[in-house]
$ cat final34.txt   # compact mmCIF, C-alpha atoms
# COMPACT_ATOMS: atom_id res chain seq x y z
CA MET A 1 -5.24 51.55 -29.75
CA LYS A 2 -8.21 53.19 -28.06
CA PRO A 3 -10.78 50.59 -29.18
CA PHE A 4 -8.50 47.79 -27.96
CA GLN A 5 -7.93 49.50 -24.59
CA TYR A 6 -11.65 50.14 -24.28
CA TYR A 7 -12.53 46.50 -24.82
CA LEU A 8 -9.72 45.40 -22.51
CA TYR A 9 -11.06 47.60 -19.70
CA ILE A 10 -14.60 46.36 -20.32
CA SER A 11 -13.48 42.71 -20.22
CA LEU A 12 -11.55 43.26 -17.01
CA PHE A 13 -14.56 45.00 -15.45
CA VAL A 14 -16.95 42.24 -16.50
CA GLY A 15 -14.53 39.56 -15.29
CA SER A 16 -14.19 41.26 -11.90
CA SER A 17 -17.96 41.67 -11.66
CA LEU A 18 -18.59 38.01 -12.41
CA ALA A 19 -15.96 36.95 -9.87
CA ALA A 20 -17.69 39.04 -7.21
CA ARG A 21 -21.19 37.72 -7.94
CA GLY A 22 -20.79 34.80 -5.53
CA GLY A 23 -20.17 37.30 -2.77
CA HIS A 24 -18.93 34.65 -0.35
CA CYS A 25 -15.34 33.62 -1.03
CA PRO A 26 -13.63 32.80 2.29
CA PRO A 27 -10.13 31.30 2.16
CA LEU A 28 -9.79 27.55 1.93
CA GLY A 29 -8.87 25.73 5.11
CA PRO A 30 -9.19 26.82 8.73
CA VAL A 31 -9.51 30.55 9.40
CA LEU A 32 -9.22 30.26 13.19
CA PRO A 33 -6.88 28.22 15.41
CA ALA A 34 -8.11 24.68 16.05
CA PRO A 35 -9.62 24.06 19.52
CA ILE A 36 -7.16 22.43 21.90
CA HIS A 37 -9.78 20.47 23.86
CA PRO A 38 -12.57 19.84 21.32
CA SER A 39 -14.00 16.78 23.08
CA ASN A 40 -15.09 19.00 26.00
CA HIS A 41 -17.22 21.25 23.78
CA ALA A 42 -20.99 20.76 23.94
CA SER A 43 -21.44 20.86 20.16
CA VAL A 44 -18.77 18.19 19.69
CA LYS A 45 -20.40 15.98 22.32
CA SER A 46 -23.72 16.40 20.53
CA ALA A 47 -22.16 15.52 17.17
CA VAL A 48 -20.44 12.45 18.65
CA ALA A 49 -23.74 11.23 20.10
CA ALA A 50 -25.41 11.68 16.71
CA ILE A 51 -22.62 9.77 14.95
CA GLN A 52 -22.87 6.98 17.51
CA ALA A 53 -26.63 6.66 17.00
CA ARG A 54 -26.33 6.72 13.21
CA LEU A 55 -23.60 4.07 13.11
CA GLU A 56 -25.56 1.81 15.44
CA GLU A 57 -28.57 2.20 13.17
CA GLU A 58 -26.56 1.50 10.02
CA ALA A 59 -24.70 -1.49 11.47
CA ALA A 60 -27.73 -3.16 13.04
CA PRO A 61 -28.79 -5.09 9.89
CA TYR A 62 -25.27 -6.40 9.21
CA ASN A 63 -25.10 -10.17 9.61
CA LEU A 64 -21.65 -10.72 8.11
CA SER A 65 -19.89 -7.32 7.94
CA SER A 66 -18.14 -5.30 10.62
CA ILE A 67 -17.32 -1.61 11.06
CA ALA A 68 -14.58 -0.10 13.22
CA VAL A 69 -14.30 3.71 13.40
CA ALA A 70 -12.43 6.22 15.54
CA ILE A 71 -12.13 10.03 15.57
CA LYS A 72 -9.31 11.91 17.27
CA SER A 73 -7.91 15.42 17.57
CA THR A 74 -4.16 15.83 17.24
CA TYR A 75 -4.35 18.02 20.37
CA GLU A 76 -5.75 15.23 22.55
CA ASP A 77 -4.34 11.84 23.50
CA ASP A 78 -7.66 10.00 23.77
CA TYR A 79 -10.16 9.34 21.01
CA MET A 80 -13.18 11.61 21.06
CA PHE A 81 -15.17 8.83 19.40
CA GLU A 82 -14.71 5.08 19.02
CA PHE A 83 -17.09 2.53 17.56
CA ALA A 84 -16.90 -1.13 16.59
CA ASN A 85 -19.61 -3.68 15.86
CA THR A 86 -19.45 -7.45 15.77
CA PRO A 87 -21.92 -9.14 13.40
CA PRO A 88 -23.90 -12.19 14.56
CA LYS A 89 -21.93 -14.46 12.22
CA VAL A 90 -18.12 -14.50 12.14
CA ASP A 91 -15.49 -16.92 10.90
CA LEU A 92 -14.33 -18.79 14.00
CA ARG A 93 -10.69 -18.53 12.92
CA GLY A 94 -10.77 -14.81 13.71
CA VAL A 95 -11.84 -12.66 16.65
CA ASP A 96 -15.23 -13.21 18.25
CA LYS A 97 -15.50 -9.55 19.29
CA VAL A 98 -14.36 -6.64 17.13
CA ASP A 99 -12.60 -3.69 18.77
CA SER A 100 -9.96 -1.09 17.89
CA ASP A 101 -7.18 -3.70 18.10
CA THR A 102 -8.87 -6.02 15.62
CA VAL A 103 -6.92 -6.41 12.38
CA PHE A 104 -8.72 -5.82 9.08
CA ARG A 105 -7.43 -6.16 5.56
CA LEU A 106 -6.73 -2.60 4.39
CA ALA A 107 -7.17 -3.19 0.64
CA SER A 108 -6.40 0.07 -1.19
CA LEU A 109 -5.65 2.00 1.99
CA SER A 110 -2.34 0.14 1.61
CA LYS A 111 -1.46 2.53 -1.23
CA VAL A 112 -0.50 5.32 1.16
CA PHE A 113 2.54 3.37 2.38
CA PRO A 114 4.50 3.08 -0.90
CA VAL A 115 3.85 6.74 -1.69
CA LEU A 116 5.19 7.89 1.68
CA ALA A 117 8.12 5.50 1.29
CA LEU A 118 9.01 7.15 -2.03
CA LEU A 119 8.83 10.58 -0.42
CA LYS A 120 11.16 9.45 2.35
CA LEU A 121 13.65 8.32 -0.29
CA HIS A 122 14.86 11.85 -0.88
CA LYS A 123 16.91 10.66 -3.87
CA ILE A 124 13.65 10.34 -5.80
CA ASP A 125 11.86 13.23 -7.50
CA LEU A 126 8.18 12.55 -8.20
CA ASP A 127 8.66 14.31 -11.54
CA ASP A 128 11.18 11.66 -12.59
CA ALA A 129 10.10 9.39 -15.42
CA VAL A 130 9.39 5.94 -14.05
CA THR A 131 11.77 4.49 -16.66
CA LYS A 132 14.65 6.15 -14.84
CA TYR A 133 14.29 3.42 -12.21
CA VAL A 134 12.41 0.65 -14.08
CA PRO A 135 13.74 0.92 -17.66
CA GLU A 136 12.48 -2.56 -18.51
CA LEU A 137 8.97 -1.06 -18.76
CA ARG A 138 9.89 0.17 -22.26
CA ALA A 139 10.12 -3.44 -23.48
CA LEU A 140 6.41 -3.96 -22.72
CA ASN A 141 5.56 -2.07 -25.90
CA LYS A 142 6.86 -4.98 -27.98
CA GLN A 143 3.65 -6.75 -26.93
CA ALA A 144 1.37 -3.93 -28.14
CA ARG A 145 -0.86 -4.55 -31.15
CA LYS A 146 0.50 -1.42 -32.84
CA GLN A 147 3.35 0.92 -32.03
CA ASP A 148 1.29 4.06 -31.62
CA ALA A 149 -0.26 6.17 -28.86
CA VAL A 150 -3.52 4.22 -29.01
CA TRP A 151 -2.01 0.80 -28.33
CA ALA A 152 1.29 1.43 -26.49
CA VAL A 153 1.98 3.29 -23.24
CA ASP A 154 4.62 6.00 -23.59
CA TRP A 155 6.44 4.94 -20.44
CA ASP A 156 9.08 7.68 -20.76
CA GLU A 157 6.30 10.25 -20.27
CA VAL A 158 4.84 8.53 -17.19
CA THR A 159 6.25 10.04 -14.00
CA ILE A 160 6.28 8.58 -10.51
CA GLY A 161 3.99 11.38 -9.35
CA ALA A 162 1.54 10.57 -12.15
CA LEU A 163 1.35 6.98 -10.92
CA ALA A 164 0.83 8.12 -7.32
CA SER A 165 -2.13 10.32 -8.31
CA HIS A 166 -3.66 8.01 -10.95
CA ILE A 167 -2.96 10.32 -13.88
CA GLY A 168 -0.41 8.14 -15.67
CA GLY A 169 -3.11 6.92 -18.05
CA ILE A 170 -2.02 3.29 -17.70
CA PRO A 171 -4.46 0.35 -17.38
CA ALA A 172 -5.85 -0.48 -13.97
CA ASP A 173 -4.79 -4.10 -13.60
CA LEU A 174 -3.25 -7.15 -15.17
CA VAL A 175 -5.52 -9.71 -13.49
CA THR A 176 -8.97 -8.18 -14.12
CA ASP A 177 -10.91 -8.03 -17.38
CA VAL A 178 -14.42 -7.27 -18.63
CA GLU A 179 -14.89 -10.80 -20.02
CA PRO A 180 -16.47 -12.30 -16.84
CA TYR A 181 -19.21 -9.65 -16.91
CA GLY A 182 -20.81 -11.37 -19.89
CA GLY A 183 -22.68 -10.74 -23.09
CA TRP A 184 -19.77 -9.53 -25.23
CA THR A 185 -20.17 -12.03 -28.07
CA LYS A 186 -23.79 -10.91 -28.48
CA LEU A 187 -22.46 -7.41 -29.10
CA GLY A 188 -20.22 -8.64 -31.89
CA TYR A 189 -16.98 -9.22 -30.01
CA PRO A 190 -15.06 -12.47 -30.62
CA PRO A 191 -15.21 -15.16 -27.93
CA PRO A 192 -12.34 -15.17 -25.41
CA ASP A 193 -9.21 -17.02 -26.47
CA PRO A 194 -8.33 -19.65 -23.80
CA SER A 195 -4.67 -19.47 -24.83
CA LYS A 196 -4.62 -15.85 -23.64
CA SER A 197 -5.77 -16.73 -20.12
CA LEU A 198 -3.35 -15.64 -17.40
CA ASN A 199 -4.13 -18.57 -15.08
CA CYS A 200 -3.00 -16.44 -12.15
CA SER A 201 -4.50 -13.76 -9.93
CA GLY A 202 -4.11 -14.74 -6.27
CA LEU A 203 -7.91 -14.92 -6.01
CA LEU A 204 -10.45 -17.74 -6.15
CA GLY A 205 -7.82 -20.41 -5.66
CA LEU A 206 -5.57 -19.30 -8.51
CA PRO A 207 -1.85 -18.73 -7.85
CA GLU A 208 -0.67 -15.14 -7.54
CA CYS A 209 0.74 -13.35 -10.58
CA THR A 210 4.47 -12.75 -10.38
CA LYS A 211 6.65 -9.93 -11.64
CA GLU A 212 7.61 -12.25 -14.50
CA ASP A 213 3.92 -12.69 -15.38
CA PHE A 214 3.53 -8.91 -15.42
CA PHE A 215 6.40 -8.32 -17.83
CA ALA A 216 5.27 -11.22 -20.02
CA ARG A 217 1.72 -9.92 -20.55
CA PHE A 218 0.96 -6.37 -19.38
CA GLY A 219 2.14 -4.78 -22.62
CA GLU A 220 -0.85 -6.34 -24.38
CA ARG A 221 -3.08 -3.84 -22.61
CA PRO A 222 -3.40 -0.45 -24.31
CA PRO A 223 -3.26 2.82 -22.38
CA VAL A 224 -6.54 4.34 -21.23
CA TYR A 225 -5.37 7.93 -21.70
CA ALA A 226 -2.14 9.75 -22.37
CA PRO A 227 -0.21 10.69 -19.20
CA TYR A 228 -1.63 13.79 -17.52
CA ALA A 229 -4.79 13.73 -19.63
CA VAL A 230 -7.96 15.36 -18.34
CA ASN A 231 -9.33 12.29 -16.57
CA PRO A 232 -7.57 10.32 -13.84
CA VAL A 233 -7.72 6.53 -14.21
CA TYR A 234 -7.48 4.36 -11.11
CA SER A 235 -4.54 1.99 -11.44
CA ASN A 236 -3.33 -0.70 -9.07
CA VAL A 237 -0.43 -1.41 -11.41
CA GLY A 238 1.05 2.02 -10.75
CA PHE A 239 1.62 1.11 -7.11
CA ALA A 240 3.26 -2.20 -7.99
CA ILE A 241 5.68 -0.21 -10.14
CA MET A 242 6.32 2.17 -7.24
CA GLY A 243 7.23 -0.85 -5.14
CA TRP A 244 9.93 -1.76 -7.69
CA VAL A 245 11.23 1.82 -7.61
CA ILE A 246 11.53 1.63 -3.82
CA GLU A 247 13.43 -1.66 -4.10
CA LYS A 248 15.78 -0.24 -6.74
CA VAL A 249 16.70 2.86 -4.73
CA SER A 250 16.64 1.48 -1.17
CA CYS A 251 18.32 -1.84 -2.05
CA MET A 252 15.76 -3.76 0.00
CA PRO A 253 12.25 -5.14 -0.58
CA SER A 254 9.68 -2.35 -0.44
CA SER A 255 7.89 -4.02 2.49
CA GLU A 256 11.10 -4.01 4.54
CA PHE A 257 11.75 -0.35 3.76
CA ILE A 258 8.17 0.59 4.70
CA LYS A 259 8.48 -1.31 7.99
CA LYS A 260 11.83 0.30 8.80
CA GLU A 261 10.92 3.88 7.86
CA ILE A 262 7.18 4.08 8.60
CA LEU A 263 5.67 1.24 10.64
CA ASP A 264 8.38 0.82 13.28
CA PRO A 265 8.91 4.56 14.02
CA THR A 266 5.14 4.97 14.38
CA GLY A 267 4.74 1.96 16.69
CA MET A 268 2.39 0.17 14.29
CA GLU A 269 2.85 -3.30 15.77
CA GLN A 270 -0.52 -4.57 14.51
CA THR A 271 0.21 -3.72 10.86
CA PHE A 272 1.43 -6.44 8.50
CA ASP A 273 2.49 -6.70 4.86
CA SER A 274 1.09 -10.22 4.59
CA LYS A 275 -1.67 -12.18 6.29
CA PRO A 276 -1.15 -12.21 10.07
CA ASP A 277 -2.29 -14.94 12.44
CA ASP A 278 -6.00 -15.50 11.86
CA SER A 279 -6.75 -15.02 15.57
CA LEU A 280 -5.91 -11.30 15.26
CA GLY A 281 -8.37 -10.45 12.53
CA PHE A 282 -11.99 -10.00 11.63
CA ILE A 283 -12.71 -12.64 8.99
CA PRO A 284 -16.16 -12.53 7.37
CA VAL A 285 -17.91 -15.85 6.86
CA ASP A 286 -17.11 -17.33 3.42
CA ASP A 287 -14.70 -14.47 2.74
CA GLU A 288 -12.36 -14.81 -0.27
CA TRP A 289 -10.09 -11.84 0.45
CA TRP A 290 -8.54 -12.48 3.87
CA ASN A 291 -6.19 -15.14 2.45
CA ALA A 292 -5.75 -13.63 -1.02
CA THR A 293 -2.21 -12.82 -2.13
CA LEU A 294 -1.50 -10.21 -4.79
CA GLY A 295 1.98 -11.26 -5.90
CA TYR A 296 3.62 -8.51 -7.94
CA GLY A 297 0.75 -6.19 -6.90
CA ASP A 298 1.32 -6.41 -3.14
CA PRO A 299 2.02 -2.66 -2.64
CA ALA A 300 -1.43 -1.81 -4.02
CA GLY A 301 -3.47 -3.69 -1.44
CA GLU A 302 -1.66 -6.30 0.65
CA TYR A 303 -1.52 -4.61 4.06
CA TYR A 304 -3.48 -5.52 7.20
CA SER A 305 -3.92 -3.22 10.19
CA SER A 306 -6.09 -2.15 13.12
CA ILE A 307 -7.94 1.07 13.89
CA ASN A 308 -5.46 1.85 16.68
CA ASP A 309 -2.51 1.55 14.30
CA ILE A 310 -4.17 3.58 11.55
CA MET A 311 -5.00 6.31 14.07
CA ALA A 312 -1.37 6.33 15.22
CA PHE A 313 -0.30 6.65 11.58
CA GLY A 314 -2.67 9.55 10.95
CA ASP A 315 -1.50 11.24 14.14
CA ALA A 316 2.13 10.89 13.04
CA ILE A 317 1.35 12.49 9.67
CA LEU A 318 -0.55 15.44 11.11
CA LYS A 319 2.06 16.01 13.83
CA ASP A 320 4.87 16.00 11.22
CA LYS A 321 6.61 13.01 12.79
CA LEU A 322 7.25 11.25 9.48
CA TYR A 323 7.99 14.23 7.24
CA SER A 324 8.83 17.91 7.69
CA PRO A 325 5.90 20.36 8.19
CA ALA A 326 6.31 21.95 4.75
CA GLU A 327 6.73 18.58 3.02
CA THR A 328 3.68 17.20 4.83
CA ARG A 329 1.53 20.16 3.78
CA LYS A 330 2.68 19.71 0.19
CA TRP A 331 1.94 15.98 0.30
CA LEU A 332 -1.62 16.55 1.57
CA LYS A 333 -2.49 18.88 -1.33
CA PRO A 334 -4.56 17.71 -4.32
CA ALA A 335 -2.71 16.79 -7.49
CA THR A 336 -5.63 16.70 -9.92
CA SER A 337 -9.39 17.13 -10.16
CA THR A 338 -12.10 14.67 -11.18
CA SER A 339 -15.39 15.02 -13.03
CA SER A 340 -17.03 15.59 -9.63
CA ARG A 341 -16.65 19.10 -8.20
CA GLY A 342 -16.48 17.61 -4.72
CA ILE A 343 -13.71 15.04 -5.27
CA LEU A 344 -10.03 15.74 -5.85
CA LEU A 345 -7.10 13.33 -6.00
CA GLY A 346 -3.76 13.61 -4.25
CA GLU A 347 -0.82 11.23 -3.90
CA PRO A 348 -2.71 8.94 -3.34
CA TRP A 349 -5.38 10.81 -1.34
CA GLU A 350 -9.05 10.97 -2.22
CA ILE A 351 -10.04 14.47 -1.09
CA PHE A 352 -13.70 15.33 -0.56
CA ARG A 353 -15.05 18.88 -0.49
CA ALA A 354 -18.51 20.14 0.41
CA ASP A 355 -20.22 23.48 0.99
CA ASN A 356 -23.05 22.15 3.17
CA VAL A 357 -21.06 21.32 6.30
CA THR A 358 -21.04 24.73 8.00
CA LYS A 359 -23.86 27.23 8.45
CA ASP A 360 -22.13 29.88 6.35
CA GLY A 361 -21.68 27.52 3.39
CA ARG A 362 -17.91 27.81 3.17
CA LEU A 363 -16.06 25.15 1.19
CA ILE A 364 -14.65 22.47 3.50

$ encode --input "final34.txt" --output "structure tokens"
Amino acid sequence: MKPFQYYLYISLFVGSSLAARGGHCPPLGPVLPAPIHPSNHASVKSAVAAIQARLEEEAAPYNLSSIAVAIKSTYEDDYMFEFANTPPKVDLRGVDKVDSDTVFRLASLSKVFPVLALLKLHKIDLDDAVTKYVPELRALNKQARKQDAVWAVDWDEVTIGALASHIGGIPADLVTDVEPYGGWTKLGYPPPDPSKSLNCSGLLGLPECTKEDFFARFGERPPVYAPYAVNPVYSNVGFAIMGWVIEKVSCMPSSEFIKKEILDPTGMEQTFDSKPDDSLGFIPVDDEWWNATLGYGDPAGEYYSSINDIMAFGDAILKDKLYSPAETRKWLKPATSTSSRGILLGEPWEIFRADNVTKDGRLI
């Protein structure tokens, strides 16, 4: 036993030595209480002025695009920074001056609402298989080219939490494909089959795809990875499925449940689950997205909102108004890593980390 013990001690010593080589291993997160009045601090004022100057510089060349940004401390009522620019050219149906009340299409920022709605449905465990609530997903595998792990999604192994953090391994979309990006026949692939065309999308004048369209065709798409594989795979479809779970458990459309449990309690009166009156929004000239409808995929990107409403939503999260303190902390944690050391994924958060923000090089 002595040789084994000797090598064990040596390995422990070497491991400890290697762990200490970095020499600078402060704890993650804040190590001191947050300042109660940060906007009064000279360094914060200096940073705000620098941000203002940089945004003005970046936005100056924009002829068609707009930016609206705000920064706020949970300890203060007023914003410490607020910025909005109006480009020279705007669609006359919308606002002629952009400010913090202007409504923008949120696109994938919409994904935070169905996840929080699921969490507020305390009957649901994120470790539940999605087939517990949407068993009809199993029937999609009848459309697969082969009944194996390469061609068919193992829906019984896909959990709700996996969908929320993009690690379910399922395809990204029903309505998008690589075919429009050209050159595939030159590489030896067969030409596209017109009979396989969906003829729906909600974009470019096509009608939106319905839930019936989804269940008629999505099974033709093979999985990208197995559930909980090494790599996350961005999936809009996962959030459509979460919308059906919300409907099943709450006995109401997911948009109604989100309004009742999230938007109304937070006072988000300028947030909409479908296109609002054009006069409320910033509409880029020749834009194709303001009017687009996503059909079955609404929960993944249908919402519209303003900076003021999004700031109120963020404030409500960080002040534990929508969820208990412990549950909120758990929700804000990462669920998986990515191939980038500085990017982690939560449910559905994209979490960025850097070691060049502070003078001492701590990980933020």

$ closest_residue --input "final34.txt" --among "A:Ser39, A:Ser201, A:Ser195, A:Thr266" --to "Leu174 in chain A" --atoms "all atoms listed in the file"
A:Ser201

$ residues_around --input "final34.txt" --residues "range 268-270 of chain A" --least-positions-apart "2" --cutoff "9 Å" --atoms "only C-alpha atoms" --output "number ranges by chain"
A: 101-103, 259, 262-266, 272, 276, 280, 304-306, 308-310, 312-313

$ closest_atom_pairs --input "final34.txt" --of "range 196-233 of chain A" --to "range 341-358 of chain A" --cutoff "12 Å" --atoms "all atoms listed in the file" --output "CSV"
residue,atom,partner,partner_atom,distance
A:Asn231,CA,A:Leu345,CA,10.9
A:Pro232,CA,A:Leu345,CA,8.4
A:Val233,CA,A:Leu345,CA,10.7

$ closest_residue --input "final34.txt" --among "A:Ala152, A:Leu137, A:Met242, A:Ile307" --to "Ala70 in chain A" --atoms "all atoms listed in the file"
A:Ile307

$ residues_around --input "final34.txt" --residues "Val130 in chain A" --least-positions-apart "5" --cutoff "8 Å" --atoms "all atoms listed in the file" --output "ChimeraX atom specification"
/A:135,155-156,158-160,245

$ decode --input "final34.txt" --residues "range 328-359 of chain A" --atoms "N, CA and C atoms" --output "compact mmCIF listing (two decimals), in the first residue's frame"
# COMPACT_ATOMS: atom_id res chain seq x y z
N THR A 328 -35.42 33.34 -7.13
CA THR A 328 -34.85 34.27 -8.11
C THR A 328 -33.36 34.02 -8.28
N ARG A 329 -32.64 33.86 -7.18
CA ARG A 329 -31.20 33.60 -7.27
C ARG A 329 -30.93 32.32 -8.07
N LYS A 330 -31.73 31.31 -7.81
CA LYS A 330 -31.57 30.04 -8.55
C LYS A 330 -31.83 30.25 -10.03
N TRP A 331 -32.87 31.01 -10.36
CA TRP A 331 -33.24 31.25 -11.75
C TRP A 331 -32.14 32.00 -12.51
N LEU A 332 -31.44 32.90 -11.83
CA LEU A 332 -30.43 33.72 -12.49
C LEU A 332 -29.09 33.00 -12.66
N LYS A 333 -28.98 31.78 -12.18
CA LYS A 333 -27.74 31.02 -12.30
C LYS A 333 -27.60 30.43 -13.70
N PRO A 334 -26.36 30.18 -14.15
CA PRO A 334 -26.17 29.48 -15.43
C PRO A 334 -26.61 28.03 -15.35
N ALA A 335 -27.06 27.51 -16.48
CA ALA A 335 -27.47 26.10 -16.56
C ALA A 335 -26.46 25.26 -17.33
N THR A 336 -25.70 25.92 -18.23
CA THR A 336 -24.72 25.19 -19.03
C THR A 336 -23.68 26.16 -19.56
N SER A 337 -22.58 25.62 -20.02
CA SER A 337 -21.51 26.43 -20.60
C SER A 337 -21.61 26.40 -22.12
N THR A 338 -20.76 27.19 -22.76
CA THR A 338 -20.65 27.18 -24.22
C THR A 338 -19.18 26.98 -24.59
N SER A 339 -18.88 26.98 -25.87
CA SER A 339 -17.49 26.83 -26.29
C SER A 339 -16.67 28.08 -26.01
N SER A 340 -17.32 29.18 -25.64
CA SER A 340 -16.62 30.39 -25.23
C SER A 340 -16.52 30.44 -23.71
N ARG A 341 -15.32 30.68 -23.19
CA ARG A 341 -15.14 30.74 -21.74
C ARG A 341 -15.92 31.89 -21.12
N GLY A 342 -16.26 32.90 -21.93
CA GLY A 342 -16.92 34.08 -21.38
C GLY A 342 -18.42 34.08 -21.52
N ILE A 343 -19.02 33.02 -22.06
CA ILE A 343 -20.47 33.00 -22.27
C ILE A 343 -21.06 31.73 -21.67
N LEU A 344 -22.03 31.91 -20.79
CA LEU A 344 -22.77 30.80 -20.20
C LEU A 344 -24.25 30.98 -20.56
N LEU A 345 -25.02 29.91 -20.45
CA LEU A 345 -26.45 29.98 -20.73
C LEU A 345 -27.24 29.63 -19.49
N GLY A 346 -28.32 30.40 -19.27
CA GLY A 346 -29.25 30.09 -18.20
C GLY A 346 -30.59 29.71 -18.79
N GLU A 347 -31.65 30.05 -18.07
CA GLU A 347 -33.01 29.69 -18.48
C GLU A 347 -33.84 30.96 -18.62
N PRO A 348 -33.78 31.70 -19.70
CA PRO A 348 -33.03 31.46 -20.94
C PRO A 348 -31.84 32.42 -21.07
N TRP A 349 -31.28 32.86 -19.97
CA TRP A 349 -30.29 33.93 -19.94
C TRP A 349 -29.05 33.63 -20.78
N GLU A 350 -28.51 34.68 -21.39
CA GLU A 350 -27.16 34.64 -21.94
C GLU A 350 -26.29 35.42 -20.96
N ILE A 351 -25.34 34.74 -20.34
CA ILE A 351 -24.56 35.30 -19.24
C ILE A 351 -23.13 35.52 -19.71
N PHE A 352 -22.67 36.76 -19.63
CA PHE A 352 -21.33 37.10 -20.10
C PHE A 352 -20.40 37.32 -18.91
N ARG A 353 -19.19 36.78 -19.01
CA ARG A 353 -18.19 36.95 -17.96
C ARG A 353 -16.90 37.49 -18.57
N ALA A 354 -16.22 38.34 -17.80
CA ALA A 354 -14.96 38.91 -18.27
C ALA A 354 -14.05 39.16 -17.08
N ASP A 355 -12.74 39.13 -17.34
CA ASP A 355 -11.78 39.42 -16.27
C ASP A 355 -11.00 40.71 -16.55
N ASN A 356 -11.52 41.54 -17.45
CA ASN A 356 -10.85 42.80 -17.76
C ASN A 356 -11.71 44.02 -17.42
N VAL A 357 -12.67 43.83 -16.53
CA VAL A 357 -13.57 44.92 -16.16
C VAL A 357 -13.02 45.72 -14.98
N THR A 358 -12.46 45.03 -14.00
CA THR A 358 -11.92 45.69 -12.80
C THR A 358 -10.39 45.70 -12.84
N LYS A 359 -9.81 46.59 -12.05
CA LYS A 359 -8.35 46.72 -12.04
C LYS A 359 -7.66 45.47 -11.51
